[in-house]
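K.L.:
Contents of work-v9.txt (compact mmCIF, C-alpha atoms and all ligand atoms):
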# COMPACT_ATOMS: atom_id res chain seq x y z
CA MET O 1 46.09 47.63 -55.71
CA LYS O 2 46.18 50.56 -58.10
CA THR O 3 45.36 54.03 -56.84
CA LYS O 4 41.73 55.02 -57.11
CA ARG O 5 40.81 57.91 -59.34
CA ASP O 6 39.01 60.92 -57.98
CA TYR O 7 35.23 60.51 -58.20
CA TYR O 8 34.69 64.00 -59.57
CA GLU O 9 37.29 63.35 -62.23
CA ILE O 10 35.64 60.05 -63.16
CA LEU O 11 32.29 61.76 -63.60
CA ALA O 12 33.89 64.78 -65.32
CA VAL O 13 32.17 67.31 -63.09
CA GLU O 14 33.27 70.20 -60.90
CA ARG O 15 33.49 69.66 -57.15
CA SER O 16 30.61 72.08 -56.81
CA ALA O 17 28.38 70.19 -59.28
CA THR O 18 24.71 69.82 -58.44
CA SER O 19 23.14 66.37 -58.38
CA GLU O 20 21.37 67.25 -61.65
CA GLU O 21 24.73 67.95 -63.30
CA ILE O 22 26.20 64.74 -61.91
CA LYS O 23 23.24 62.75 -63.18
CA ARG O 24 23.52 64.27 -66.65
CA SER O 25 27.24 63.61 -66.91
CA TYR O 26 26.80 60.09 -65.57
CA ARG O 27 24.21 59.21 -68.17
CA LYS O 28 26.39 60.47 -70.98
CA LEU O 29 29.43 58.55 -69.80
CA ALA O 30 27.47 55.41 -68.91
CA VAL O 31 26.20 55.25 -72.47
CA LYS O 32 29.75 55.64 -73.77
CA PHE O 33 31.29 52.92 -71.61
CA HIS O 34 28.33 50.57 -71.47
CA PRO O 35 29.44 46.94 -71.93
CA ASP O 36 26.80 46.31 -74.58
CA LYS O 37 28.52 48.95 -76.69
CA ASN O 38 32.03 47.79 -75.93
CA PRO O 39 31.97 43.99 -75.98
CA GLY O 40 35.23 42.48 -74.79
CA ASP O 41 36.78 45.86 -73.94
CA HIS O 42 38.08 45.51 -70.40
CA GLU O 43 39.17 49.11 -70.16
CA ALA O 44 35.61 50.26 -70.85
CA GLU O 45 34.26 47.71 -68.42
CA GLU O 46 36.53 49.05 -65.69
CA GLN O 47 35.49 52.60 -66.45
CA PHE O 48 31.85 51.60 -66.38
CA LYS O 49 32.30 50.08 -62.95
CA GLU O 50 34.23 53.09 -61.68
CA LEU O 51 31.46 55.31 -62.97
CA GLY O 52 28.83 53.40 -60.99
CA ALA O 53 30.87 53.60 -57.80
CA ALA O 54 31.53 57.33 -58.21
CA TYR O 55 27.88 58.01 -59.00
CA ASP O 56 26.72 56.07 -55.98
CA VAL O 57 28.84 58.16 -53.65
CA LEU O 58 28.33 61.60 -55.15
CA MET O 59 24.54 61.25 -55.43
CA ASP O 60 24.18 60.43 -51.75
CA PRO O 61 24.52 63.60 -49.66
CA ASP O 62 25.93 61.71 -46.65
CA LYS O 63 28.44 59.73 -48.66
CA ARG O 64 29.42 62.75 -50.72
CA ALA O 65 30.09 64.79 -47.58
CA ALA O 66 32.23 61.95 -46.21
CA TYR O 67 34.11 61.68 -49.49
CA ASP O 68 34.71 65.43 -49.64
CA ARG O 69 36.25 65.27 -46.18
CA TYR O 70 38.19 62.03 -46.19
CA GLY O 71 38.47 61.01 -49.84
CA HIS O 72 38.43 57.30 -50.61
CA ALA O 73 39.48 56.55 -47.05
CA ALA O 74 35.88 57.28 -46.03
CA PHE O 75 34.74 54.03 -47.63
CA GLN O 76 37.50 51.63 -46.74
CA GLN O 77 36.63 48.56 -44.76
CA GLY O 78 36.04 49.36 -41.14
CA ALA O 79 35.41 53.05 -41.72
CA GLY O 80 32.17 53.67 -39.89
CA ALA O 81 29.71 55.43 -42.14
CA GLY O 82 30.85 54.08 -45.49
CA ALA O 83 28.91 51.45 -47.32
CA GLY O 84 32.08 49.63 -48.34
CA ALA O 85 32.34 48.27 -51.80
CA GLY O 86 28.66 47.42 -51.95
CA GLY O 87 25.62 49.61 -52.00
CA PHE O 88 25.61 50.37 -55.65
CA HIS O 89 22.50 52.14 -56.77
CA ASP O 90 20.14 50.34 -59.03
CA PRO O 91 20.96 51.58 -62.50
CA PHE O 92 17.88 50.18 -64.15
CA ASP O 93 15.75 53.26 -63.88
CA LEU O 94 18.40 55.31 -65.58
CA PHE O 95 19.04 52.80 -68.28
CA ARG O 96 15.42 52.43 -69.13
CA GLU O 97 15.45 56.07 -70.03
CA VAL O 98 18.65 55.81 -72.01
CA PHE O 99 18.23 52.50 -73.75
CA GLY O 100 14.51 52.03 -73.72
CA GLN O 101 12.80 49.07 -72.12
CA ASN O 102 15.00 46.30 -73.44
CA GLY O 103 13.44 43.24 -71.93
CA GLY O 104 15.40 41.24 -69.44
CA GLY O 105 12.53 41.19 -66.98
CA GLY O 106 13.86 44.14 -65.05
CA GLY O 107 16.13 42.20 -62.76
CA GLY O 108 18.81 39.93 -64.07
CA GLY O 109 20.98 40.36 -67.08
CA ILE O 110 24.37 41.83 -67.45
CA PHE O 111 24.11 44.38 -64.68
CA ASP O 112 24.23 41.76 -61.97
CA HIS O 113 27.85 41.35 -62.75
CA PHE O 114 28.61 45.01 -62.29
CA PHE O 115 26.21 45.99 -59.61
CA GLY O 116 25.87 42.86 -57.58
CA GLY O 117 27.39 44.60 -54.61
CA GLY O 118 30.88 43.95 -53.36
CA SER O 119 31.17 40.27 -52.80
CA GLY O 120 33.85 39.43 -50.32
CA SER O 121 36.21 36.53 -50.82
CA ASP O 122 34.27 34.65 -48.18
CA GLY O 123 31.15 34.79 -50.33
CA ARG O 124 29.24 37.45 -48.44
CA GLN O 125 27.41 40.30 -50.08
CA ARG O 126 25.93 43.47 -48.72
CA GLY O 127 22.15 43.70 -48.93
CA SER O 128 20.43 46.24 -51.13
CA ASP O 129 19.36 49.64 -49.92
CA LEU O 130 15.61 50.10 -49.87
CA ARG O 131 13.37 53.10 -50.29
CA TYR O 132 10.13 53.73 -48.47
CA ASP O 133 7.80 56.62 -49.16
CA LEU O 134 6.16 57.92 -46.02
CA GLN O 135 3.30 60.38 -45.99
CA ILE O 136 2.77 62.58 -42.94
CA THR O 137 0.57 65.57 -42.17
CA LEU O 138 1.77 69.13 -41.76
CA GLU O 139 0.87 68.93 -38.06
CA GLU O 140 3.08 65.86 -37.71
CA ALA O 141 5.90 67.61 -39.54
CA ALA O 142 5.52 70.55 -37.15
CA ALA O 143 5.52 68.54 -33.95
CA GLY O 144 7.77 65.65 -34.99
CA VAL O 145 6.33 62.17 -34.92
CA GLU O 146 7.19 58.53 -34.39
CA LYS O 147 5.87 56.14 -37.01
CA GLU O 148 5.96 52.41 -37.17
CA ILE O 149 6.04 51.09 -40.70
CA GLU O 150 5.68 47.60 -42.05
CA ILE O 151 7.77 46.48 -44.98
CA ARG O 152 8.31 43.19 -46.68
CA LYS O 153 11.98 42.57 -47.30
CA LEU O 154 14.71 39.99 -47.24
CA ASP O 155 15.74 39.47 -43.64
CA SER O 156 18.30 37.25 -42.02
CA CYS O 157 17.13 33.61 -41.95
CA GLY O 158 16.43 32.51 -38.41
CA ASP O 159 17.09 28.81 -39.03
CA CYS O 160 20.72 29.19 -40.10
CA SER O 161 21.38 32.58 -38.47
CA GLY O 162 22.02 33.98 -41.92
CA SER O 163 24.87 31.65 -42.86
CA GLY O 164 22.88 29.76 -45.49
CA ALA O 165 24.30 26.42 -44.37
CA GLN O 166 22.77 23.56 -42.46
CA ALA O 167 24.43 22.91 -39.13
CA GLY O 168 27.84 21.27 -39.69
CA SER O 169 27.84 21.86 -43.46
CA LYS O 170 30.99 23.10 -45.22
CA THR O 171 31.35 25.42 -48.22
CA VAL O 172 32.55 23.88 -51.50
CA THR O 173 33.65 25.20 -54.87
CA CYS O 174 30.65 25.92 -57.10
CA SER O 175 30.17 23.13 -59.61
CA THR O 176 28.44 25.31 -62.20
CA CYS O 177 31.22 27.87 -62.68
CA ARG O 178 34.06 25.90 -61.07
CA GLY O 179 34.76 28.76 -58.73
CA ARG O 180 35.02 31.51 -61.32
CA GLY O 181 31.78 33.18 -60.30
CA GLN O 182 30.84 33.75 -63.94
CA VAL O 183 29.35 31.74 -66.73
CA VAL O 184 29.50 32.58 -70.42
CA VAL O 185 26.21 32.61 -72.29
CA SER O 186 25.42 33.31 -75.91
CA ARG O 187 23.26 36.25 -76.80
CA GLY O 188 22.79 36.23 -80.54
CA PHE O 189 26.26 36.57 -82.01
CA PHE O 190 27.80 37.68 -78.75
CA GLN O 191 29.18 35.75 -75.88
CA VAL O 192 28.47 37.49 -72.62
CA ALA O 193 29.92 36.75 -69.21
CA GLN O 194 27.19 36.59 -66.62
CA THR O 195 27.07 36.13 -62.91
CA CYS O 196 26.86 32.44 -62.11
CA PRO O 197 23.22 31.76 -61.19
CA ASN O 198 24.20 28.88 -58.91
CA CYS O 199 26.52 30.75 -56.54
CA GLN O 200 25.48 34.38 -57.35
CA GLY O 201 29.05 35.09 -58.40
CA MET O 202 30.67 33.96 -55.19
CA GLY O 203 32.40 30.93 -56.63
CA ARG O 204 31.48 28.84 -53.62
CA THR O 205 28.32 27.19 -52.42
CA VAL O 206 27.39 25.51 -49.20
CA GLU O 207 27.47 21.74 -49.19
CA LYS O 208 24.09 21.37 -47.52
CA PRO O 209 22.07 24.56 -47.94
CA CYS O 210 19.67 25.58 -45.21
CA ARG O 211 16.20 24.32 -46.14
CA SER O 212 14.40 27.48 -45.11
CA CYS O 213 16.37 29.92 -47.22
CA GLY O 214 17.86 27.66 -49.89
CA GLY O 215 21.36 28.70 -48.87
CA GLU O 216 20.92 32.45 -49.27
CA GLY O 217 20.95 33.13 -45.55
CA ARG O 218 17.94 35.38 -45.92
CA VAL O 219 14.21 34.99 -46.35
CA GLU O 220 11.38 37.37 -47.11
CA LYS O 221 9.70 38.60 -43.97
CA THR O 222 7.49 41.43 -42.89
CA SER O 223 9.38 43.73 -40.57
CA ARG O 224 8.11 46.50 -38.38
CA ILE O 225 10.45 49.44 -38.17
CA LYS O 226 10.14 52.44 -35.89
CA LEU O 227 10.99 55.76 -37.46
CA LYS O 228 11.54 59.02 -35.65
CA ILE O 229 10.60 61.99 -37.80
CA PRO O 230 12.15 65.19 -36.44
CA ALA O 231 10.09 68.36 -36.01
CA GLY O 232 10.49 70.78 -38.90
CA ILE O 233 11.22 68.15 -41.55
CA GLU O 234 10.85 69.35 -45.14
CA HIS O 235 8.78 67.78 -47.89
CA GLY O 236 10.98 65.43 -49.91
CA ALA O 237 13.58 64.99 -47.16
CA ARG O 238 15.34 61.65 -47.12
CA LEU O 239 16.10 59.94 -43.85
CA ARG O 240 18.47 57.03 -43.55
CA SER O 241 17.68 54.15 -41.27
CA GLY O 242 21.03 52.37 -41.11
CA GLY O 243 21.00 48.58 -41.47
CA ASN O 244 17.26 48.37 -42.07
CA GLY O 245 17.53 47.60 -45.77
CA GLU O 246 17.77 44.11 -47.19
CA ALA O 247 19.82 41.56 -45.33
CA GLY O 248 23.12 40.69 -47.00
CA LEU O 249 23.70 37.37 -48.70
CA ARG O 250 25.05 34.81 -46.21
CA SER O 251 25.51 37.13 -43.24
CA GLY O 252 26.73 40.00 -45.41
CA THR O 253 26.14 43.52 -44.09
CA SER O 254 22.55 44.73 -44.34
CA GLY O 255 21.70 47.57 -46.68
CA ASP O 256 20.14 50.79 -45.46
CA LEU O 257 16.55 51.91 -45.59
CA TYR O 258 15.94 55.34 -47.05
CA VAL O 259 12.69 56.97 -46.03
CA VAL O 260 11.46 59.74 -48.27
CA VAL O 261 9.07 62.03 -46.41
CA HIS O 262 6.03 63.45 -48.19
CA ILE O 263 3.96 66.08 -46.45
CA LYS O 264 0.27 66.13 -47.32
CA GLU O 265 -1.23 69.34 -48.56
CA HIS O 266 -2.98 71.21 -45.78
CA ALA O 267 -6.50 72.60 -46.10
CA ILE O 268 -5.59 75.94 -44.55
CA PHE O 269 -1.84 76.48 -44.43
CA GLU O 270 0.71 76.71 -47.14
CA ARG O 271 4.29 76.21 -46.13
CA GLU O 272 7.25 78.17 -47.37
CA GLY O 273 10.41 77.04 -45.63
CA SER O 274 9.72 77.57 -41.95
CA ASP O 275 6.95 80.12 -42.57
CA LEU O 276 3.27 79.40 -42.98
CA HIS O 277 0.80 81.35 -45.04
CA CYS O 278 -2.97 81.41 -44.85
CA ASP O 279 -5.82 83.42 -46.29
CA VAL O 280 -8.56 84.64 -43.97
CA PRO O 281 -11.78 86.12 -45.36
CA ILE O 282 -13.22 89.02 -43.34
CA PRO O 283 -16.48 91.02 -43.85
CA PHE O 284 -15.96 94.34 -45.60
CA THR O 285 -17.45 96.11 -42.58
CA THR O 286 -14.65 94.70 -40.36
CA ALA O 287 -12.11 95.83 -42.94
CA ALA O 288 -13.60 99.32 -42.91
CA LEU O 289 -14.31 99.68 -39.21
CA GLY O 290 -11.48 97.58 -37.80
CA GLY O 291 -11.94 94.82 -35.25
CA GLU O 292 -10.64 91.56 -33.96
CA ILE O 293 -10.69 88.33 -35.92
CA HIS O 294 -9.82 84.72 -35.17
CA VAL O 295 -6.93 83.32 -37.15
CA PRO O 296 -5.90 79.68 -37.12
CA THR O 297 -2.45 78.52 -36.07
CA LEU O 298 -1.10 74.99 -35.81
CA LYS O 299 -1.81 75.15 -32.08
CA GLY O 300 -5.35 76.56 -32.24
CA ALA O 301 -7.01 79.87 -33.01
CA ILE O 302 -5.64 83.19 -31.80
CA ASN O 303 -7.04 86.75 -31.94
CA LEU O 304 -5.66 89.24 -34.41
CA LYS O 305 -6.40 92.98 -34.41
CA ILE O 306 -7.42 94.38 -37.77
CA PRO O 307 -6.99 98.16 -38.06
CA ALA O 308 -9.77 100.29 -39.54
CA GLY O 309 -9.37 100.80 -43.28
CA THR O 310 -7.63 97.47 -43.99
CA GLN O 311 -7.51 96.67 -47.70
CA GLY O 312 -7.96 93.28 -49.31
CA GLY O 313 -4.63 91.48 -49.67
CA ALA O 314 -3.15 93.14 -46.58
CA THR O 315 -0.87 90.64 -44.82
CA PHE O 316 -0.28 90.48 -41.09
CA ARG O 317 2.67 88.66 -39.62
CA VAL O 318 2.17 86.64 -36.48
CA ARG O 319 5.59 85.93 -35.05
CA ASN O 320 6.69 82.43 -34.06
CA GLN O 321 3.52 80.71 -35.27
CA GLY O 322 5.14 79.06 -38.27
CA MET O 323 6.98 75.74 -38.50
CA PRO O 324 9.83 74.81 -36.19
CA VAL O 325 13.27 75.09 -37.75
CA LEU O 326 14.83 71.64 -38.06
CA GLY O 327 17.53 71.10 -35.49
CA SER O 328 17.04 74.40 -33.68
CA SER O 329 14.65 75.96 -31.20
CA GLY O 330 13.64 78.67 -33.67
CA ARG O 331 10.29 78.92 -35.38
CA GLY O 332 9.08 80.61 -38.52
CA ASP O 333 6.21 83.09 -38.69
CA LEU O 334 2.62 82.89 -39.80
CA TYR O 335 1.54 85.27 -42.54
CA THR O 336 -2.18 85.95 -42.55
CA ARG O 337 -3.53 87.51 -45.71
CA VAL O 338 -6.86 89.21 -45.49
CA GLN O 339 -9.52 88.67 -48.13
CA VAL O 340 -12.19 91.34 -47.95
CA GLU O 341 -15.56 89.79 -48.59
CA VAL O 342 -18.24 91.89 -50.26
CA PRO O 343 -21.74 90.92 -49.07
CA THR O 344 -23.96 89.03 -51.47
CA LYS O 345 -27.77 88.65 -51.50
CA LEU O 346 -28.63 92.05 -50.04
CA ASP O 347 -32.21 92.43 -48.86
CA SER O 348 -34.07 95.65 -49.61
CA ASP O 349 -33.36 97.14 -46.20
CA GLN O 350 -29.62 96.47 -46.43
CA ARG O 351 -29.59 97.80 -49.96
CA ALA O 352 -31.25 101.05 -48.94
CA LYS O 353 -28.74 101.54 -46.11
CA LEU O 354 -25.82 100.95 -48.42
CA GLU O 355 -27.19 103.37 -51.00
CA GLU O 356 -27.57 105.94 -48.30
CA PHE O 357 -24.00 105.25 -47.20
CA ALA O 358 -22.70 105.51 -50.79
CA GLU O 359 -24.22 108.96 -51.09
CA LEU O 360 -22.37 110.07 -47.98
CA CYS O 361 -19.07 108.86 -49.38
CA GLY O 362 -16.71 111.20 -51.13
CA ASP O 363 -13.38 110.91 -52.84
CA ASP O 364 -11.63 111.14 -49.48
CA ASN O 365 -12.98 107.73 -48.54
CA THR O 366 -11.37 106.01 -51.47
CA PRO O 367 -8.02 107.68 -52.21
CA LEU O 368 -6.77 104.83 -54.40
CA HIS O 369 -9.82 105.06 -56.60
CA ARG O 370 -9.31 108.81 -56.99
CA SER O 371 -5.60 108.63 -57.82
CA PHE O 372 -6.25 105.90 -60.37
CA TYR O 373 -8.80 108.04 -62.25
CA ASP O 374 -6.48 111.04 -62.04
CA LYS O 375 -3.82 108.99 -63.79
CA LEU O 376 -6.33 107.81 -66.36
CA LYS O 377 -7.19 111.43 -67.19
CA ASP O 378 -3.52 112.22 -67.86
CA PHE O 379 -3.30 109.12 -69.98
CA PHE O 380 -6.15 110.12 -72.27
CA THR O 381 -5.13 113.77 -72.67
CA ALA O 382 -1.47 113.00 -73.34
ZN ZN O 401 18.64 29.65 -43.66
ZN ZN O 402 29.08 29.42 -59.48
Show me the file's structure as C-alpha cells.
Ligand SMILES: [Zn+2]
Ligand SMILES: [Zn+2]

P.N.:
Amino acid sequence: MKTKRDYYEILAVERSATSEEIKRSYRKLAVKFHPDKNPGDHEAEEQFKELGAAYDVLMDPDKRAAYDRYGHAAFQQGAGAGAGAGGFHDPFDLFREVFGQNGGGGGGGIFDHFFGGGSGSDGRQRGSDLRYDLQITLEEAAAGVEKEIEIRKLDSCGDCSGSGAQAGSKTVTCSTCRGRGQVVVSRGFFQVAQTCPNCQGMGRTVEKPCRSCGGEGRVEKTSRIKLKIPAGIEHGARLRSGGNGEAGLRSGTSGDLYVVVHIKEHAIFEREGSDLHCDVPIPFTTAALGGEIHVPTLKGAINLKIPAGTQGGATFRVRNQGMPVLGSSGRGDLYTRVQVEVPTKLDSDQRAKLEEFAELCGDDNTPLHRSFYDKLKDFFTA
C-alpha cells in the first residue's frame, strides 16, 4: 500500500485553516479533478477520491482533532474513534452549487462509485451519517435537557440479523458485474463506469436474499433515540450520537447521528456567550427618585436596587444569573439595561403638578443638558 498523503497538503491549506478556507479550497480542487472533466484519467480520479477523504476528516472537528494528533493512524481499522474508510460526506450539496442542478435525481450517478463508503472485501459497507435538527428553548439550554427524538432511518433487519441472507444461504459472485463491482454504461458519447446496481459494488450477492430486506440487511424503521443535551450548549452546536446513523449494508458498521442544536429566540433574554442581556422599562419617577425593581432571571424574579438619578440605558450587572458555562460549574452574568419610560396620557392634575415641578427645576438638575448647550454655543460662535 502506498503511503498516504497529508490531508492538509491534499487540500492545499495551512494547518491552521478555518473550515471556510477548507471548503473554498475543496470546491476549487474538486472542480479541477472531477471525473466528468477528466474522463478516463485515473490520476485525477485518485486525486478526487483523496480530496473527498481529506475533506471529510478536516471538516469534522472531532476527526480533525484526532488527525492532528495521530495522523492517518487515527483512522486505521480498529482505532476507536475513527470512521474507517467509510463515512464520506455527501458531496451533492456542494456540487449543486458548483455544477448546477444536473439531473440524476439527486441520489445515484457517478458519485456512488466514489462516495459509496468503504466497502470491505466481505461485502460490508458502513452506513451513512445522518443529521437531525433539534430545537430547544433557552431554559432547556440553561438547565440541560434529555430529549427523545423519533427518526425514520435504515436499521438492521431483524429477520436476518443484518446479514441480508436467508438462513443457510451462501454468498455468490454477482452475475451482473461478474464480481467486478462496476458496470460500464453509455452516457452520450462517453462510457462511464458505475457502481453495479445488483450488488452495490460489492461484487458478491447472497444466494437467497432475506425476504424482508431484499438482501440489504437493513430496513427502514422508526427509531426512538434518547439525547442528552448538556447545560450551557450553544446555538448551532453539533452533537454526535455514535452508531445512531444508518445501519451499514449487510452488518456493516452503523453511521453516526449528528444532532444540530437550535435555540429558540427568547421573549425576554438575549444571549451573548454565557451572559444574558435584558431590557427593563422603569417609570421616570423611579429613575429620578431611586427604588427597587423586579428583574427577571432564568430562575425567577429578583429585586434590584436602582439608585436615584439613574439615566436611561444604564446597565446593571447581576452576577451569576447568566447561562452556565458548558463543562464547568461557572455561570455568566445577567446585564439589565434600564429603559426610562416617560408617562403618556397625562390628566390635567398630573400635568399641573409636572408644570409646577418643571418651574422648580434648574440647570443643576440636568447637567448633561446644560453641557450639551454649552458646547453648542461654542460651535456656533467658532
Ligand atoms: Zn433481512
Ligand atoms: Zn455486481

K.L.:
List every protein, DNA or RNA residue that has an atom no more than 9 Å from (28.0, 26.6, -57.8) in the file's coordinate frame, counting all atoms listed in the file, and report them as a compact mmCIF listing (two decimals) with C-alpha atoms, in the frame of the given file.

P.N.:
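Final file, out30.txt:
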# COMPACT_ATOMS: atom_id res chain seq x y z
CA VAL O 172 32.55 23.88 -51.50
CA THR O 173 33.65 25.20 -54.87
CA CYS O 174 30.65 25.92 -57.10
CA SER O 175 30.17 23.13 -59.61
CA THR O 176 28.44 25.31 -62.20
CA CYS O 177 31.22 27.87 -62.68
CA ARG O 178 34.06 25.90 -61.07
CA GLY O 179 34.76 28.76 -58.73
CA GLY O 181 31.78 33.18 -60.30
CA CYS O 196 26.86 32.44 -62.11
CA PRO O 197 23.22 31.76 -61.19
CA ASN O 198 24.20 28.88 -58.91
CA CYS O 199 26.52 30.75 -56.54
CA GLN O 200 25.48 34.38 -57.35
CA GLY O 201 29.05 35.09 -58.40
CA MET O 202 30.67 33.96 -55.19
CA GLY O 203 32.40 30.93 -56.63
CA ARG O 204 31.48 28.84 -53.62
CA THR O 205 28.32 27.19 -52.42
CA VAL O 206 27.39 25.51 -49.20

K.L.:
Which residues are near Gly71 in chain O? Cut-off 12 Å, all atoms listed in the file, ignore same chain within fewer than 2 positions. Put them as an MDAnalysis selection string.

P.N.:
chainID O and resid 4:8 54 57:58 63:69 73:76 79 82

K.L.:
From the list O:Arg187, O:Ala141, O:Gln194, O:Ile225, which residue is nearest ligand ZN 402 (chain O) when using only C-alpha atoms and all ligand atoms?

P.N.:
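Among the listed residues, O:Gln194 lies closest to ligand ZN 402 (chain O).
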
K.L.:
For a quick check of understanding, using only C-alpha atoms, which of O:Gln350, O:Gln191, O:Ser169, O:Gln125 has the smallest distance to Asp36 in chain O?

P.N.:
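Ranked by minimum distance to Asp36 in chain O, first place goes to O:Gln191.
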
K.L.:
Pick the closest to Thr3 in chain O from O:Asp364, O:Glu272, O:Ala53, O:His72: which is it, counting only C-alpha atoms?

P.N.:
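Looking at the shortest contact to Thr3 in chain O, the residue is O:His72.
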
K.L.:
Return as a PDB file with C-alpha atoms, in the frame of the given file every polymer residue, whether protein, DNA or RNA, with at least one atom no more than 7 Å from an atom of ligand ZN 401 (chain O); count all atoms listed in the file.

P.N.:
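See out18.pdb below for the written result:
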ATOM      1  CA  CYS O 157      17.130  33.610 -41.950  1.00  0.00           C
ATOM      2  CA  GLY O 158      16.430  32.510 -38.410  1.00  0.00           C
ATOM      3  CA  ASP O 159      17.090  28.810 -39.030  1.00  0.00           C
ATOM      4  CA  CYS O 160      20.720  29.190 -40.100  1.00  0.00           C
ATOM      5  CA  SER O 161      21.380  32.580 -38.470  1.00  0.00           C
ATOM      6  CA  GLY O 162      22.020  33.980 -41.920  1.00  0.00           C
ATOM      7  CA  SER O 163      24.870  31.650 -42.860  1.00  0.00           C
ATOM      8  CA  GLY O 164      22.880  29.760 -45.490  1.00  0.00           C
ATOM      9  CA  ALA O 165      24.300  26.420 -44.370  1.00  0.00           C
ATOM     10  CA  CYS O 210      19.670  25.580 -45.210  1.00  0.00           C
ATOM     11  CA  ARG O 211      16.200  24.320 -46.140  1.00  0.00           C
ATOM     12  CA  SER O 212      14.400  27.480 -45.110  1.00  0.00           C
ATOM     13  CA  CYS O 213      16.370  29.920 -47.220  1.00  0.00           C
ATOM     14  CA  GLY O 214      17.860  27.660 -49.890  1.00  0.00           C
ATOM     15  CA  GLY O 215      21.360  28.700 -48.870  1.00  0.00           C
ATOM     16  CA  GLU O 216      20.920  32.450 -49.270  1.00  0.00           C
ATOM     17  CA  GLY O 217      20.950  33.130 -45.550  1.00  0.00           C
ATOM     18  CA  ARG O 218      17.940  35.380 -45.920  1.00  0.00           C
TER      19      ARG O 218
END

K.L.:
How far is it from CA of Asp363 in chain O to CA of Asp279 in chain O, in Å with one decimal?

P.N.:
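We find that CA of Asp363 in chain O and CA of Asp279 in chain O lie 29.3 Å from each other.
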
K.L.:
Which polymer residues have any atom within 12 Å of an atom of Leu154 in chain O, counting only C-alpha atoms, with same-chain residues fewer than 3 positions away left out, as a list of chain:residue names?

P.N.:
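Listing them by chain and then by number gives O:Arg126, O:Gly127, O:Ser128, O:Asp129, O:Leu130, O:Ile151, O:Cys157, O:Gly158, O:Gly162, O:Cys213, O:Glu216, O:Gly217, O:Arg218, O:Val219, O:Glu220, O:Lys221, O:Thr222, O:Ser223, O:Asn244, O:Gly245, O:Glu246, O:Ala247, O:Gly248, O:Leu249, O:Arg250, O:Ser251, O:Ser254, O:Gly255.
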
K.L.:
In file coordinates, which residues lie within 10 Å of (33.0, 55.5, -78.5) using only C-alpha atoms, given as number ranges by chain?

P.N.:
O: 29, 31-34, 37-38, 44

K.L.:
Between O:Ile149, O:Val184, O:Ile22, O:Ala314, which is the closest to ligand ZN 402 (chain O) once you count all atoms listed in the file?

P.N.:
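Closest to ligand ZN 402 (chain O) of all the choices is O:Val184.
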
K.L.:
Write out as a list in words each polymer residue whose atoms come within 9 Å of range 303-310 of chain O, counting only C-alpha atoms; drop sequence neighbours fewer than 5 positions from it.

P.N.:
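Selected residues are Thr286, Ala287, Ala288, Leu289, Gly290, Gly291, Glu292, Ile293, His294, Val295, Pro296, Phe316, Val318, Val338 and Val340 of chain O.
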
K.L.:
Which of these, O:Tyr55, O:Arg240, O:Val183, O:Gln135, has the shortest distance to ligand ZN 402 (chain O) once you count all atoms listed in the file?

P.N.:
O:Val183

K.L.:
I'd like the interatomic distance between CA of Gly242 in chain O and CA of Glu20 in chain O, to a tenth of an Å.

P.N.:
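One can read the CA of Gly242 in chain O to CA of Glu20 in chain O distance as 25.4 Å.
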
K.L.:
Go ahead and compute the interatomic distance for CA of Glu146 in chain O and CA of Lys228 in chain O, in Å to one decimal.

P.N.:
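These atoms are spaced 4.6 Å apart.
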